[in-house]
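The file upload-v4.csv comes next; it holds CSV, C-alpha atoms.
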```csv
chain,number,residue,atom,x,y,z
A,78,MET,CA,54.0,198.8,284.7
A,79,ASP,CA,53.7,199.4,281.0
A,80,PHE,CA,50.0,199.3,280.0
A,81,THR,CA,50.6,201.0,276.6
A,82,LYS,CA,51.3,198.0,274.4
A,83,LEU,CA,47.9,196.4,274.5
A,84,ASN,CA,45.6,199.4,274.8
A,85,GLY,CA,45.7,199.6,278.6
A,86,LEU,CA,46.0,195.9,279.3
A,87,ILE,CA,48.7,193.5,280.3
A,88,PRO,CA,48.6,189.7,280.2
A,89,ALA,CA,48.5,188.0,283.6
A,90,VAL,CA,49.6,184.4,283.8
A,91,VAL,CA,48.3,182.4,286.7
A,92,GLN,CA,50.4,179.6,288.0
A,93,ASP,CA,49.6,177.2,290.9
A,94,ALA,CA,52.2,178.1,293.6
A,95,THR,CA,52.5,174.5,294.7
A,96,THR,CA,52.2,172.3,291.7
A,97,ARG,CA,53.6,175.0,289.3
A,98,GLU,CA,50.9,174.2,286.8
A,99,VAL,CA,49.9,177.1,284.5
A,100,LEU,CA,46.2,177.5,285.2
A,101,MET,CA,45.0,180.3,283.0
A,102,VAL,CA,45.9,183.6,281.3
A,103,GLY,CA,43.8,186.7,281.8
A,104,PHE,CA,44.2,190.4,281.2
A,105,MET,CA,44.5,193.3,283.7
A,106,ASN,CA,44.1,197.0,283.4
A,107,ASP,CA,45.7,199.2,286.0
A,108,GLU,CA,42.6,199.0,288.2
A,109,ALA,CA,42.5,195.2,288.0
A,110,LEU,CA,46.1,195.1,289.1
A,111,ALA,CA,45.6,197.5,291.9
A,112,THR,CA,42.6,195.5,293.1
A,113,THR,CA,44.6,192.3,292.9
A,114,ARG,CA,47.4,193.8,294.9
A,115,ALA,CA,45.1,195.3,297.5
A,116,THR,CA,42.9,192.3,298.0
A,117,ARG,CA,45.4,189.5,297.2
A,118,PHE,CA,42.6,187.8,295.1
A,119,ALA,CA,43.2,187.6,291.4
A,120,THR,CA,41.1,190.2,289.6
A,121,PHE,CA,41.0,190.7,285.8
A,122,PHE,CA,39.5,193.0,283.2
A,123,SER,CA,37.0,191.3,281.0
A,124,ARG,CA,37.4,192.4,277.4
A,125,THR,CA,34.0,191.0,276.5
A,126,ARG,CA,32.1,192.4,279.4
A,127,ASN,CA,34.2,195.5,279.7
A,128,MET,CA,34.4,195.3,283.5
A,129,LEU,CA,36.5,194.0,286.3
A,130,TRP,CA,35.9,190.5,287.6
A,131,THR,CA,37.4,188.7,290.5
A,132,LYS,CA,38.0,185.1,289.5
A,133,GLY,CA,35.7,182.8,291.6
A,134,GLU,CA,33.4,185.6,292.7
A,135,THR,CA,30.4,183.4,291.6
A,136,SER,CA,31.9,179.9,291.9
A,137,GLY,CA,33.9,180.5,295.1
A,138,ASN,CA,37.0,179.1,293.3
A,139,ARG,CA,39.0,182.2,294.1
A,140,LEU,CA,42.7,182.5,293.5
A,141,LYS,CA,44.7,183.7,296.5
A,142,VAL,CA,47.9,185.5,295.3
A,143,GLU,CA,50.9,184.2,297.1
A,144,ARG,CA,53.5,186.0,294.9
A,145,LEU,CA,53.2,188.6,292.2
A,146,LEU,CA,56.1,188.8,289.7
A,147,VAL,CA,56.6,191.2,286.8
A,148,ASP,CA,58.7,190.5,283.7
A,149,CYS,CA,61.8,192.3,282.6
A,150,ASP,CA,60.1,194.9,280.5
A,151,ASP,CA,57.2,195.5,282.9
A,152,ASP,CA,54.4,194.5,280.5
A,153,THR,CA,53.4,191.1,281.9
A,154,VAL,CA,52.7,189.8,285.4
A,155,LEU,CA,52.9,186.3,286.8
A,156,LEU,CA,50.6,185.3,289.7
A,157,LEU,CA,51.6,182.4,291.9
A,158,VAL,CA,48.3,181.4,293.5
A,159,SER,CA,46.6,179.0,295.9
A,160,ARG,CA,43.3,177.7,294.6
A,161,LEU,CA,40.4,178.1,296.9
A,162,GLY,CA,37.0,176.5,296.8
A,163,GLY,CA,36.7,173.4,294.6
A,164,GLY,CA,40.0,174.4,293.0
A,165,ASN,CA,38.9,174.0,289.4
A,166,VAL,CA,40.0,177.1,287.6
A,167,CYS,CA,38.5,176.6,284.1
A,168,HIS,CA,34.8,177.3,283.4
A,169,THR,CA,34.6,173.9,281.8
A,170,GLY,CA,35.2,172.3,285.2
A,171,GLU,CA,38.9,171.4,284.4
A,172,ARG,CA,41.6,172.2,286.9
A,173,THR,CA,43.4,174.3,284.3
A,174,CYS,CA,42.3,176.0,281.2
A,175,PHE,CA,45.3,174.4,279.4
A,176,PHE,CA,43.9,170.9,279.0
A,177,LYS,CA,44.1,170.5,275.2
A,178,GLU,CA,47.2,169.3,273.5
A,179,LEU,CA,47.7,171.1,270.1
A,180,ASP,CA,50.4,168.8,268.8
A,181,GLY,CA,52.3,165.8,269.9
A,182,GLU,CA,56.0,165.5,269.5
A,183,SER,CA,55.6,165.0,265.7
A,184,PRO,CA,54.2,168.1,263.9
A,185,SER,CA,52.2,165.9,261.6
A,186,SER,CA,50.6,163.8,264.3
A,187,GLU,CA,47.0,164.2,264.9
A,188,VAL,CA,47.0,161.9,268.0
A,189,PRO,CA,47.2,163.9,271.2
A,190,GLU,CA,49.8,162.8,273.7
A,191,SER,CA,48.2,162.0,277.1
A,192,SER,CA,49.8,164.1,279.7
A,193,ARG,CA,49.1,162.5,283.0
B,199,MET,CA,42.9,179.1,267.2
B,200,ASP,CA,41.2,182.4,267.7
B,201,PHE,CA,43.4,185.3,266.6
B,202,THR,CA,40.6,187.9,266.5
B,203,LYS,CA,40.8,189.1,270.1
B,204,LEU,CA,44.2,190.9,269.9
B,205,ASN,CA,44.4,192.0,266.2
B,206,GLY,CA,45.8,188.8,264.9
B,207,LEU,CA,47.9,187.9,267.9
B,208,ILE,CA,47.7,185.4,270.8
B,209,PRO,CA,49.7,185.3,274.0
B,210,ALA,CA,52.2,182.4,274.2
B,211,VAL,CA,53.3,181.4,277.7
B,212,VAL,CA,56.7,179.6,277.8
B,213,GLN,CA,57.3,177.2,280.7
B,214,ASP,CA,60.3,175.0,281.4
B,215,ALA,CA,59.1,171.4,280.8
B,216,THR,CA,61.3,170.1,283.6
B,217,THR,CA,61.4,172.8,286.3
B,218,ARG,CA,57.9,174.2,285.5
B,219,GLU,CA,59.3,177.7,285.8
B,220,VAL,CA,57.5,180.3,283.7
B,221,LEU,CA,60.2,181.8,281.6
B,222,MET,CA,58.6,184.4,279.4
B,223,VAL,CA,55.4,185.5,277.5
B,224,GLY,CA,55.5,186.4,273.9
B,225,PHE,CA,52.9,186.9,271.1
B,226,MET,CA,52.3,184.8,268.1
B,227,ASN,CA,50.4,185.5,264.9
B,228,ASP,CA,49.2,182.5,262.8
B,229,GLU,CA,52.5,182.4,260.9
B,230,ALA,CA,54.5,182.3,264.1
B,231,LEU,CA,52.4,179.5,265.5
B,232,ALA,CA,52.7,177.5,262.2
B,233,THR,CA,56.5,178.0,262.2
B,234,THR,CA,56.7,176.9,265.9
B,235,ARG,CA,54.6,173.8,265.1
B,236,ALA,CA,56.7,172.9,262.0
B,237,THR,CA,60.2,173.5,263.5
B,238,ARG,CA,59.5,172.8,267.1
B,239,PHE,CA,61.5,175.9,268.1
B,240,ALA,CA,59.5,178.7,269.8
B,241,THR,CA,58.9,181.5,267.3
B,242,PHE,CA,57.1,184.7,268.1
B,243,PHE,CA,55.8,187.8,266.3
B,244,SER,CA,57.7,190.9,267.4
B,245,ARG,CA,55.2,193.8,267.8
B,246,THR,CA,58.0,196.4,267.9
B,247,ARG,CA,59.9,195.0,264.9
B,248,ASN,CA,56.8,193.8,263.0
B,249,MET,CA,58.4,190.5,262.1
B,250,LEU,CA,58.8,186.9,263.2
B,251,TRP,CA,61.6,186.0,265.4
B,252,THR,CA,62.8,182.6,266.6
B,253,LYS,CA,63.9,182.9,270.2
B,254,GLY,CA,67.7,182.3,270.4
B,255,GLU,CA,68.3,182.7,266.7
B,256,THR,CA,71.2,185.1,267.7
B,257,SER,CA,72.2,183.9,271.2
B,258,GLY,CA,71.8,180.2,270.5
B,259,ASN,CA,69.5,179.9,273.5
B,260,ARG,CA,66.7,178.4,271.5
B,261,LEU,CA,63.6,176.9,273.1
B,262,LYS,CA,62.7,173.4,271.9
B,263,VAL,CA,59.0,172.8,272.2
B,264,GLU,CA,58.3,169.5,274.0
B,265,ARG,CA,54.5,170.1,274.3
B,266,LEU,CA,52.1,172.6,272.9
B,267,LEU,CA,48.8,173.2,274.8
B,268,VAL,CA,45.9,175.5,274.0
B,269,ASP,CA,43.5,176.9,276.4
B,270,CYS,CA,39.8,176.3,276.7
B,271,ASP,CA,38.7,179.2,274.4
B,272,ASP,CA,41.5,178.8,271.9
B,273,ASP,CA,43.1,182.2,272.4
B,274,THR,CA,46.2,181.4,274.3
B,275,VAL,CA,49.0,178.8,273.9
B,276,LEU,CA,51.3,177.2,276.5
B,277,LEU,CA,54.7,176.0,275.4
B,278,LEU,CA,56.5,173.5,277.5
B,279,VAL,CA,60.1,173.8,276.4
B,280,SER,CA,63.6,172.6,276.9
B,281,ARG,CA,66.2,175.4,277.1
B,282,LEU,CA,69.1,175.0,274.7
B,283,GLY,CA,72.4,176.8,274.6
B,284,GLY,CA,73.3,178.7,277.8
B,285,GLY,CA,69.7,178.3,278.9
B,286,ASN,CA,69.1,181.9,279.9
B,287,VAL,CA,65.9,183.1,278.4
B,288,CYS,CA,65.8,186.7,279.4
B,289,HIS,CA,67.7,189.3,277.4
B,290,THR,CA,69.1,190.6,280.7
B,291,GLY,CA,70.9,187.3,281.2
B,292,GLU,CA,68.5,186.0,283.8
B,293,ARG,CA,67.1,182.4,283.4
B,294,THR,CA,63.6,183.7,283.4
B,295,CYS,CA,62.0,187.1,282.5
B,296,PHE,CA,60.0,186.9,285.7
B,297,PHE,CA,62.7,187.8,288.2
B,298,LYS,CA,61.2,190.9,289.8
B,299,GLU,CA,58.8,190.6,292.7
B,300,LEU,CA,56.1,193.2,292.6
B,301,ASP,CA,54.8,192.7,296.1
B,302,GLY,CA,55.6,190.5,299.0
B,303,GLU,CA,52.9,188.9,301.0
B,304,SER,CA,51.9,192.3,302.5
B,305,PRO,CA,50.6,194.7,299.9
B,306,SER,CA,52.4,197.6,301.5
B,307,SER,CA,55.7,195.9,301.8
B,308,GLU,CA,58.6,197.2,299.6
B,309,VAL,CA,60.9,194.3,300.5
B,310,PRO,CA,61.0,191.7,297.8
B,311,GLU,CA,60.7,188.1,299.0
B,312,SER,CA,63.7,186.0,297.9
B,313,SER,CA,62.5,183.1,296.0
B,314,ARG,CA,65.3,180.6,295.7
```
Render the structure in this file as C-alpha coordinates.
Amino acid sequence: MDFTKLNGLIPAVVQDATTREVLMVGFMNDEALATTRATRFATFFSRTRNMLWTKGETSGNRLKVERLLVDCDDDTVLLLVSRLGGGNVCHTGERTCFFKELDGESPSSEVPESSR
Amino acid sequence: MDFTKLNGLIPAVVQDATTREVLMVGFMNDEALATTRATRFATFFSRTRNMLWTKGETSGNRLKVERLLVDCDDDTVLLLVSRLGGGNVCHTGERTCFFKELDGESPSSEVPESSR
(Lines of atoms letter the chains of each structure in order from A and count residues from 1; the text may use other names and numbers.)
(Lines give C-alpha, C1' and ligand atoms only; values in the text may rest on other atoms or scores of the structure.)
Protein backbone atom coordinates (compact mmCIF):
# COMPACT_ATOMS: atom_id res chain seq x y z
CA MET A 1 0.00 0.00 0.00
CA ASP A 2 1.10 3.54 -0.77
CA PHE A 3 0.53 5.84 2.19
CA THR A 4 2.76 8.63 0.85
CA LYS A 5 0.22 10.61 -1.17
CA LEU A 6 -1.87 11.92 1.74
CA ASN A 7 0.65 12.22 4.57
CA GLY A 8 0.30 8.67 5.79
CA LEU A 9 -3.37 8.18 5.00
CA ILE A 10 -5.42 6.43 2.34
CA PRO A 11 -9.14 6.82 1.62
CA ALA A 12 -11.25 3.82 2.58
CA VAL A 13 -14.60 3.46 0.83
CA VAL A 14 -17.20 1.41 2.69
CA GLN A 15 -19.81 -0.39 0.63
CA ASP A 16 -22.62 -2.67 1.80
CA ALA A 17 -21.66 -6.15 0.57
CA THR A 18 -25.29 -7.06 -0.09
CA THR A 19 -27.08 -3.93 -1.28
CA ARG A 20 -23.92 -2.41 -2.87
CA GLU A 21 -24.84 0.94 -1.32
CA VAL A 22 -21.85 3.20 -0.60
CA LEU A 23 -22.14 3.93 3.10
CA MET A 24 -19.22 6.20 4.02
CA VAL A 25 -15.64 7.18 3.27
CA GLY A 26 -13.03 7.26 6.01
CA PHE A 27 -9.26 7.42 6.16
CA MET A 28 -6.79 4.80 7.29
CA ASN A 29 -3.16 4.95 8.28
CA ASP A 30 -1.10 1.77 8.20
CA GLU A 31 -2.10 0.89 11.76
CA ALA A 32 -5.82 1.31 11.02
CA LEU A 33 -5.49 -0.93 7.97
CA ALA A 34 -3.57 -3.55 9.92
CA THR A 35 -6.19 -3.47 12.69
CA THR A 36 -8.99 -3.79 10.14
CA ARG A 37 -7.28 -6.77 8.52
CA ALA A 38 -6.60 -8.46 11.84
CA THR A 39 -10.00 -7.90 13.47
CA ARG A 40 -12.17 -7.79 10.32
CA PHE A 41 -13.98 -4.77 11.81
CA ALA A 42 -13.60 -1.50 9.91
CA THR A 43 -11.18 0.74 11.79
CA PHE A 44 -10.19 4.21 10.69
CA PHE A 45 -7.83 7.00 11.65
CA SER A 46 -9.61 10.09 12.91
CA ARG A 47 -7.94 13.20 11.54
CA THR A 48 -9.73 15.44 14.03
CA ARG A 49 -9.06 13.28 17.11
CA ASN A 50 -5.68 12.02 15.85
CA MET A 51 -6.42 8.46 16.93
CA LEU A 52 -7.73 5.13 15.67
CA TRP A 53 -11.44 4.47 15.94
CA THR A 54 -13.35 1.32 15.23
CA LYS A 55 -16.63 2.23 13.58
CA GLY A 56 -19.48 1.36 15.97
CA GLU A 57 -17.32 0.90 19.05
CA THR A 58 -19.80 3.12 20.94
CA SER A 59 -23.05 2.61 19.01
CA GLY A 60 -22.59 -1.10 18.35
CA ASN A 61 -23.13 -0.47 14.65
CA ARG A 62 -19.88 -2.14 13.70
CA LEU A 63 -18.92 -2.95 10.13
CA LYS A 64 -17.80 -6.52 9.51
CA VAL A 65 -15.41 -6.65 6.59
CA GLU A 66 -16.42 -9.36 4.13
CA ARG A 67 -14.00 -8.40 1.38
CA LEU A 68 -11.09 -5.97 1.22
CA LEU A 69 -10.07 -4.67 -2.20
CA VAL A 70 -7.25 -2.34 -3.19
CA ASP A 71 -7.15 -0.16 -6.27
CA CYS A 72 -4.77 -0.32 -9.21
CA ASP A 73 -2.18 2.06 -7.78
CA ASP A 74 -2.40 0.85 -4.20
CA ASP A 75 -3.53 4.12 -2.65
CA THR A 76 -7.22 3.43 -1.89
CA VAL A 77 -9.10 0.54 -0.32
CA LEU A 78 -12.67 -0.63 -0.75
CA LEU A 79 -14.35 -2.48 2.11
CA LEU A 80 -17.38 -4.62 1.39
CA VAL A 81 -19.10 -4.92 4.73
CA SER A 82 -22.01 -6.34 6.65
CA ARG A 83 -23.71 -3.83 8.92
CA LEU A 84 -24.07 -5.00 12.51
CA GLY A 85 -26.21 -3.56 15.30
CA GLY A 86 -28.93 -1.21 14.15
CA GLY A 87 -27.22 -0.98 10.80
CA ASN A 88 -27.25 2.79 10.50
CA VAL A 89 -23.79 3.94 9.52
CA CYS A 90 -24.12 7.73 9.60
CA HIS A 91 -23.88 9.62 12.88
CA THR A 92 -27.06 11.47 11.83
CA GLY A 93 -28.98 8.21 12.09
CA GLU A 94 -29.22 7.65 8.35
CA ARG A 95 -28.27 4.28 6.87
CA THR A 96 -25.61 5.90 4.68
CA CYS A 97 -23.62 9.12 4.97
CA PHE A 98 -24.51 9.88 1.33
CA PHE A 99 -28.12 10.93 1.73
CA LYS A 100 -27.94 14.41 0.25
CA GLU A 101 -28.34 15.03 -3.46
CA LEU A 102 -26.08 17.83 -4.69
CA ASP A 103 -27.70 18.24 -8.10
CA GLY A 104 -30.51 16.73 -10.03
CA GLU A 105 -30.12 15.85 -13.68
CA SER A 106 -30.16 19.51 -14.66
CA PRO A 107 -27.10 21.43 -13.42
CA SER A 108 -29.21 24.53 -12.75
CA SER A 109 -31.94 22.72 -10.86
CA GLU A 110 -32.22 23.39 -7.15
CA VAL A 111 -34.82 20.68 -6.66
CA PRO A 112 -33.28 17.49 -5.30
CA GLU A 113 -34.35 14.31 -7.03
CA SER A 114 -35.86 11.84 -4.62
CA SER A 115 -33.86 8.68 -4.79
CA ARG A 116 -36.04 5.92 -3.37
CA MET B 1 -18.65 21.73 0.36
CA ASP B 2 -15.72 21.65 2.75
CA PHE B 3 -12.41 21.67 0.87
CA THR B 4 -10.32 22.56 3.93
CA LYS B 5 -9.56 19.08 5.25
CA LEU B 6 -7.27 17.94 2.42
CA ASN B 7 -5.64 21.16 1.25
CA GLY B 8 -8.36 22.10 -1.20
CA LEU B 9 -9.35 18.61 -2.27
CA ILE B 10 -12.18 16.20 -1.55
CA PRO B 11 -12.37 12.51 -2.39
CA ALA B 12 -14.81 11.62 -5.16
CA VAL B 13 -16.08 8.05 -5.25
CA VAL B 14 -17.31 6.84 -8.62
CA GLN B 15 -19.97 4.15 -8.67
CA ASP B 16 -21.71 2.57 -11.66
CA ALA B 17 -25.32 3.78 -11.49
CA THR B 18 -26.63 0.48 -12.81
CA THR B 19 -24.43 -2.28 -11.44
CA ARG B 20 -23.52 -0.37 -8.24
CA GLU B 21 -19.90 -1.41 -8.72
CA VAL B 22 -17.38 1.04 -7.22
CA LEU B 23 -15.16 1.95 -10.15
CA MET B 24 -12.55 4.39 -8.88
CA VAL B 25 -11.75 7.13 -6.38
CA GLY B 26 -10.36 10.46 -7.54
CA PHE B 27 -9.93 13.88 -5.99
CA MET B 28 -11.66 17.13 -6.84
CA ASN B 29 -10.88 20.74 -6.07
CA ASP B 30 -13.66 23.31 -6.28
CA GLU B 31 -13.00 23.88 -9.98
CA ALA B 32 -13.17 20.15 -10.77
CA LEU B 33 -16.46 19.87 -8.92
CA ALA B 34 -17.89 22.92 -10.68
CA THR B 35 -16.81 21.52 -14.05
CA THR B 36 -18.36 18.15 -13.23
CA ARG B 37 -21.63 19.80 -12.23
CA ALA B 38 -21.70 22.01 -15.33
CA THR B 39 -20.72 19.38 -17.91
CA ARG B 40 -22.09 16.25 -16.17
CA PHE B 41 -18.83 14.47 -17.07
CA ALA B 42 -16.67 13.37 -14.16
CA THR B 43 -13.68 15.71 -13.90
CA PHE B 44 -10.95 15.41 -11.31
CA PHE B 45 -7.88 17.24 -10.10
CA SER B 46 -4.67 15.37 -10.79
CA ARG B 47 -2.32 15.66 -7.83
CA THR B 48 0.63 14.45 -9.84
CA ARG B 49 0.05 16.65 -12.90
CA ASN B 50 -1.41 19.55 -10.88
CA MET B 51 -4.24 20.10 -13.36
CA LEU B 52 -7.86 19.22 -14.07
CA TRP B 53 -8.57 16.13 -16.10
CA THR B 54 -11.84 14.86 -17.46
CA LYS B 55 -11.92 11.09 -17.17
CA GLY B 56 -11.88 9.58 -20.67
CA GLU B 57 -10.85 12.76 -22.48
CA THR B 58 -8.21 10.68 -24.30
CA SER B 59 -9.70 7.17 -24.27
CA GLY B 60 -13.29 8.20 -24.86
CA ASN B 61 -14.33 6.23 -21.78
CA ARG B 62 -16.02 9.21 -20.21
CA LEU B 63 -18.20 8.97 -17.13
CA LYS B 64 -21.62 10.60 -17.42
CA VAL B 65 -22.83 11.73 -14.03
CA GLU B 66 -26.39 10.55 -13.40
CA ARG B 67 -26.53 11.53 -9.74
CA LEU B 68 -24.22 13.53 -7.48
CA LEU B 69 -24.43 12.93 -3.74
CA VAL B 70 -22.58 14.58 -0.89
CA ASP B 71 -21.91 13.05 2.50
CA CYS B 72 -23.14 14.19 5.89
CA ASP B 73 -20.22 16.49 6.66
CA ASP B 74 -19.82 17.87 3.14
CA ASP B 75 -16.28 16.64 2.56
CA THR B 76 -16.80 13.76 0.11
CA VAL B 77 -18.88 13.28 -3.02
CA LEU B 78 -20.35 10.16 -4.60
CA LEU B 79 -20.90 10.10 -8.34
CA LEU B 80 -23.32 7.60 -9.81
CA VAL B 81 -22.30 7.31 -13.42
CA SER B 82 -22.95 5.71 -16.77
CA ARG B 83 -19.82 4.41 -18.46
CA LEU B 84 -19.38 5.64 -22.03
CA GLY B 85 -17.02 4.39 -24.73
CA GLY B 86 -15.56 0.98 -24.07
CA GLY B 87 -16.65 1.27 -20.49
CA ASN B 88 -13.38 0.26 -18.90
CA VAL B 89 -12.54 2.76 -16.20
CA CYS B 90 -9.11 1.62 -15.03
CA HIS B 91 -6.00 2.57 -16.99
CA THR B 92 -4.96 -1.09 -16.81
CA GLY B 93 -7.92 -1.99 -19.01
CA GLU B 94 -10.01 -3.43 -16.20
CA ARG B 95 -13.62 -2.34 -15.77
CA THR B 96 -12.93 -1.08 -12.25
CA CYS B 97 -9.77 0.07 -10.47
CA PHE B 98 -10.69 -2.21 -7.56
CA PHE B 99 -9.78 -5.56 -9.05
CA LYS B 100 -7.25 -6.74 -6.46
CA GLU B 101 -8.29 -8.58 -3.34
CA LEU B 102 -6.13 -7.64 -0.37
CA ASP B 103 -7.33 -10.41 1.91
CA GLY B 104 -9.73 -13.26 1.74
CA GLU B 105 -12.03 -14.06 4.64
CA SER B 106 -9.09 -15.29 6.67
CA PRO B 107 -6.58 -12.55 7.49
CA SER B 108 -3.68 -14.93 6.96
CA SER B 109 -4.88 -16.27 3.63
CA GLU B 110 -2.85 -15.38 0.56
CA VAL B 111 -5.38 -16.87 -1.84
CA PRO B 112 -7.57 -14.21 -3.40
CA GLU B 113 -11.27 -14.94 -3.45
CA SER B 114 -12.65 -14.83 -6.96
CA SER B 115 -15.47 -12.36 -7.09
CA ARG B 116 -17.40 -13.01 -10.27
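Shortest separation to Ser257 of chain B among B:Arg293, B:Asn286, B:Leu231, B:Asn205 occurs at residue B:Asn286, atoms counted being only C-alpha atoms.
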Non-local contacts of Thr131 of chain A (8 Å; all atoms listed in the file; under 2 positions in same chain excluded) as a PyMOL selection string: chain A and resi 118-121+129+133-134+139
Using all atoms listed in the file, I'd like every residue of chain B that has an atom within 8 Å of chain A; please write them out as a ChimeraX atom specification. /B:209,211,218-219,222-223,235-236,238,264-270,274-276,288,290,295-303,305
Could you save those same residues with C-alpha atoms as a PDB file, in the frame of the given file?
```pdb
ATOM      1  CA  PRO B 209      49.700 185.300 274.000  1.00  0.00           C
ATOM      2  CA  VAL B 211      53.300 181.400 277.700  1.00  0.00           C
ATOM      3  CA  ARG B 218      57.900 174.200 285.500  1.00  0.00           C
ATOM      4  CA  GLU B 219      59.300 177.700 285.800  1.00  0.00           C
ATOM      5  CA  MET B 222      58.600 184.400 279.400  1.00  0.00           C
ATOM      6  CA  VAL B 223      55.400 185.500 277.500  1.00  0.00           C
ATOM      7  CA  ARG B 235      54.600 173.800 265.100  1.00  0.00           C
ATOM      8  CA  ALA B 236      56.700 172.900 262.000  1.00  0.00           C
ATOM      9  CA  ARG B 238      59.500 172.800 267.100  1.00  0.00           C
ATOM     10  CA  GLU B 264      58.300 169.500 274.000  1.00  0.00           C
ATOM     11  CA  ARG B 265      54.500 170.100 274.300  1.00  0.00           C
ATOM     12  CA  LEU B 266      52.100 172.600 272.900  1.00  0.00           C
ATOM     13  CA  LEU B 267      48.800 173.200 274.800  1.00  0.00           C
ATOM     14  CA  VAL B 268      45.900 175.500 274.000  1.00  0.00           C
ATOM     15  CA  ASP B 269      43.500 176.900 276.400  1.00  0.00           C
ATOM     16  CA  CYS B 270      39.800 176.300 276.700  1.00  0.00           C
ATOM     17  CA  THR B 274      46.200 181.400 274.300  1.00  0.00           C
ATOM     18  CA  VAL B 275      49.000 178.800 273.900  1.00  0.00           C
ATOM     19  CA  LEU B 276      51.300 177.200 276.500  1.00  0.00           C
ATOM     20  CA  CYS B 288      65.800 186.700 279.400  1.00  0.00           C
ATOM     21  CA  THR B 290      69.100 190.600 280.700  1.00  0.00           C
ATOM     22  CA  CYS B 295      62.000 187.100 282.500  1.00  0.00           C
ATOM     23  CA  PHE B 296      60.000 186.900 285.700  1.00  0.00           C
ATOM     24  CA  PHE B 297      62.700 187.800 288.200  1.00  0.00           C
ATOM     25  CA  LYS B 298      61.200 190.900 289.800  1.00  0.00           C
ATOM     26  CA  GLU B 299      58.800 190.600 292.700  1.00  0.00           C
ATOM     27  CA  LEU B 300      56.100 193.200 292.600  1.00  0.00           C
ATOM     28  CA  ASP B 301      54.800 192.700 296.100  1.00  0.00           C
ATOM     29  CA  GLY B 302      55.600 190.500 299.000  1.00  0.00           C
ATOM     30  CA  GLU B 303      52.900 188.900 301.000  1.00  0.00           C
ATOM     31  CA  PRO B 305      50.600 194.700 299.900  1.00  0.00           C
TER      32      PRO B 305
END
```
Would you work out the distance separating atom CA of Gly206 of chain B from atom CA of Val287 of chain B, expressed in Å to one decimal?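 Going from atom CA of Gly206 of chain B over to atom CA of Val287 of chain B, I get 24.9 Å.
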From atom CA of Leu161 of chain A to atom CA of Ala94 of chain A the spacing works out at 12.3 Å
Distance atom CA of Trp130 of chain A-atom CA of Leu278 of chain B, one decimal place?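 Between atom CA of Trp130 of chain A and atom CA of Leu278 of chain B the gap works out to 28.6 Å.
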B:Leu261, B:Met249, B:Val279, B:Met226 ranked by distance to Leu207 of chain B, top pick (using only C-alpha atoms):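 Among B:Leu261, B:Met249, B:Val279, B:Met226, it is B:Met226 that comes nearest to Leu207 of chain B.
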